[in-house]
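Asks: This is the structure I have questions about; it appears just below.
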Amino acid sequence: MQNQTTEQLREKLAGKSKRQLIEEMIVRSPHAIATDKMVQALEVFPLWLLLLAHEHPTKIWLLDRDEKPSSAAILDDTARQKRWHSLQISIDECEGLTDLVDNYIALVVSWRTLLVMRHEFAHALTTFFSPETRARLKALYEHALAVDRFVEPLARESIGEYISCALSYYFFPDLRAELAATDEPLHALVTAMIEQAEELSAQLLAPANEGEPAAR
């Protein structure tokens, strides 16, 4: 996930907080409560990952009650016409979606559920996986298929859903325990990924050319 140097990303961070990065990714929110809920959902992710998503860039469109995903202006016609998962569900049957549109990642989701918001953001993070991580994930997913071992049916749909379920589960203690009990190798991989991202985040906060982390 280290696609750019720490110094390059430190310059882009420019002292911004997690909340500032998240708010700058939100291009539409129905109200302040929705914005605060999205911040709450994403603040658990390491600063390094939030900055990578911010710089890609990622655009977040928060849906209000009774609004359909297809109404999001950040989507294009290709995204609206897609069929999703093995059941071939339409866009407006999805709780949320993440897709590559033009030169940005479009994330469209209701603001009401932390798990779904974290799940969709996890899809955005798969953009930054290294070839080694992708290969490891492929092997774990194929093994999970062979032994029929998934934390939920959605995780069976694809490698992307497999890792996004795992990443979103990681930030809820009860669901993280379920992930560890169900698929320990995947839990171990996610743990290693988050720990590496936290280490890189600490480097972002360290004064330039110094080894000690900056005061928070």
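Labels used: A, B, ... for chains in the order of the structure tokens, numbers from 1 for residues in each chain, and numbers from 1 for ligands as shown.
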Neighbours of stretch 38-54 of chain A within 9 Å (only C-alpha atoms; same-chain residues fewer than 4 positions away dropped), as an NGL selection string?
Replies: :A and (1 or 3-4 or 9 or 12-13 or 17-19 or 21-26 or 33-34 or 58-59 or 62 or 105 or 111-115 or 117-118 or 121 or 124-125 or 127-128 or 171 or 194-195 or 197-202 or 204)
Asks: Sorted by chain and rising residue number, list the residues of stretch 30-134 of chain A at most 12 Å from stretch 138-148 of chain A (counting only C-alpha atoms), each with its closest atom pair and distance in Å to one decimal, as a tab-separated table.
Replies:
residue	atom	partner	partner_atom	distance
A:Pro131	CA	A:Lys138	CA	10.5
A:Glu132	CA	A:Lys138	CA	9.9
A:Thr133	CA	A:Lys138	CA	8.6
A:Arg134	CA	A:Lys138	CA	6.1
Asks: Can you pull out the residues contacting A:Glu161? Cut-off 9 Å, using only C-alpha atoms, and skip same-chain residues under 6 positions away; I want them as number ranges by chain.
Replies: A: 119, 123, 154-155
Asks: Taking into account only C-alpha atoms, which residue in the set A:Ser86, A:Leu107, A:Tyr169, A:Pro57 is nearest to A:Ala72?
Replies: A:Leu107
Asks: Considering only C-alpha atoms, can you say which of A:Leu87, A:Leu205, A:Ala192, A:Leu167 comes closest to A:Ala14?
Replies: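 Of A:Leu87, A:Leu205, A:Ala192, A:Leu167, the one nearest A:Ala14 is A:Leu205, counting only C-alpha atoms.
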Asks: Going by DSSP on the backbone, which bits of stretch 28-212 of chain A are strand (DSSP E or B)? Write them as a list in words, please.
Replies: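 Answer for stretch 28-212 of chain A, restricted to strand (DSSP E or B): Arg28, Thr58, Lys59, Ile60, Trp61, Leu62, Leu63, Trp84, Ile89, Gly96, Leu97, Thr98, Asp99, Leu100, Val101, Tyr104, Ile105, Ala106, Leu107, Val108, Val109 and Ser110 of chain A.
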Asks: So how many Å separate atom CA of A:Arg149 and atom CA of A:Thr126, to one decimal?
Replies: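 About the pair atom CA of A:Arg149 and atom CA of A:Thr126: they are 21.2 Å apart.
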Asks: Write out as a PyMOL selection string the set of residues from chain A that DSSP, computed on the backbone, places in helix (DSSP H, G or I).
Replies: chain A and resi 6-13+18-25+32-42+47-55+69-71+77-81+91-93+114-128+131-147+153-156+159-170+173-182+184-205
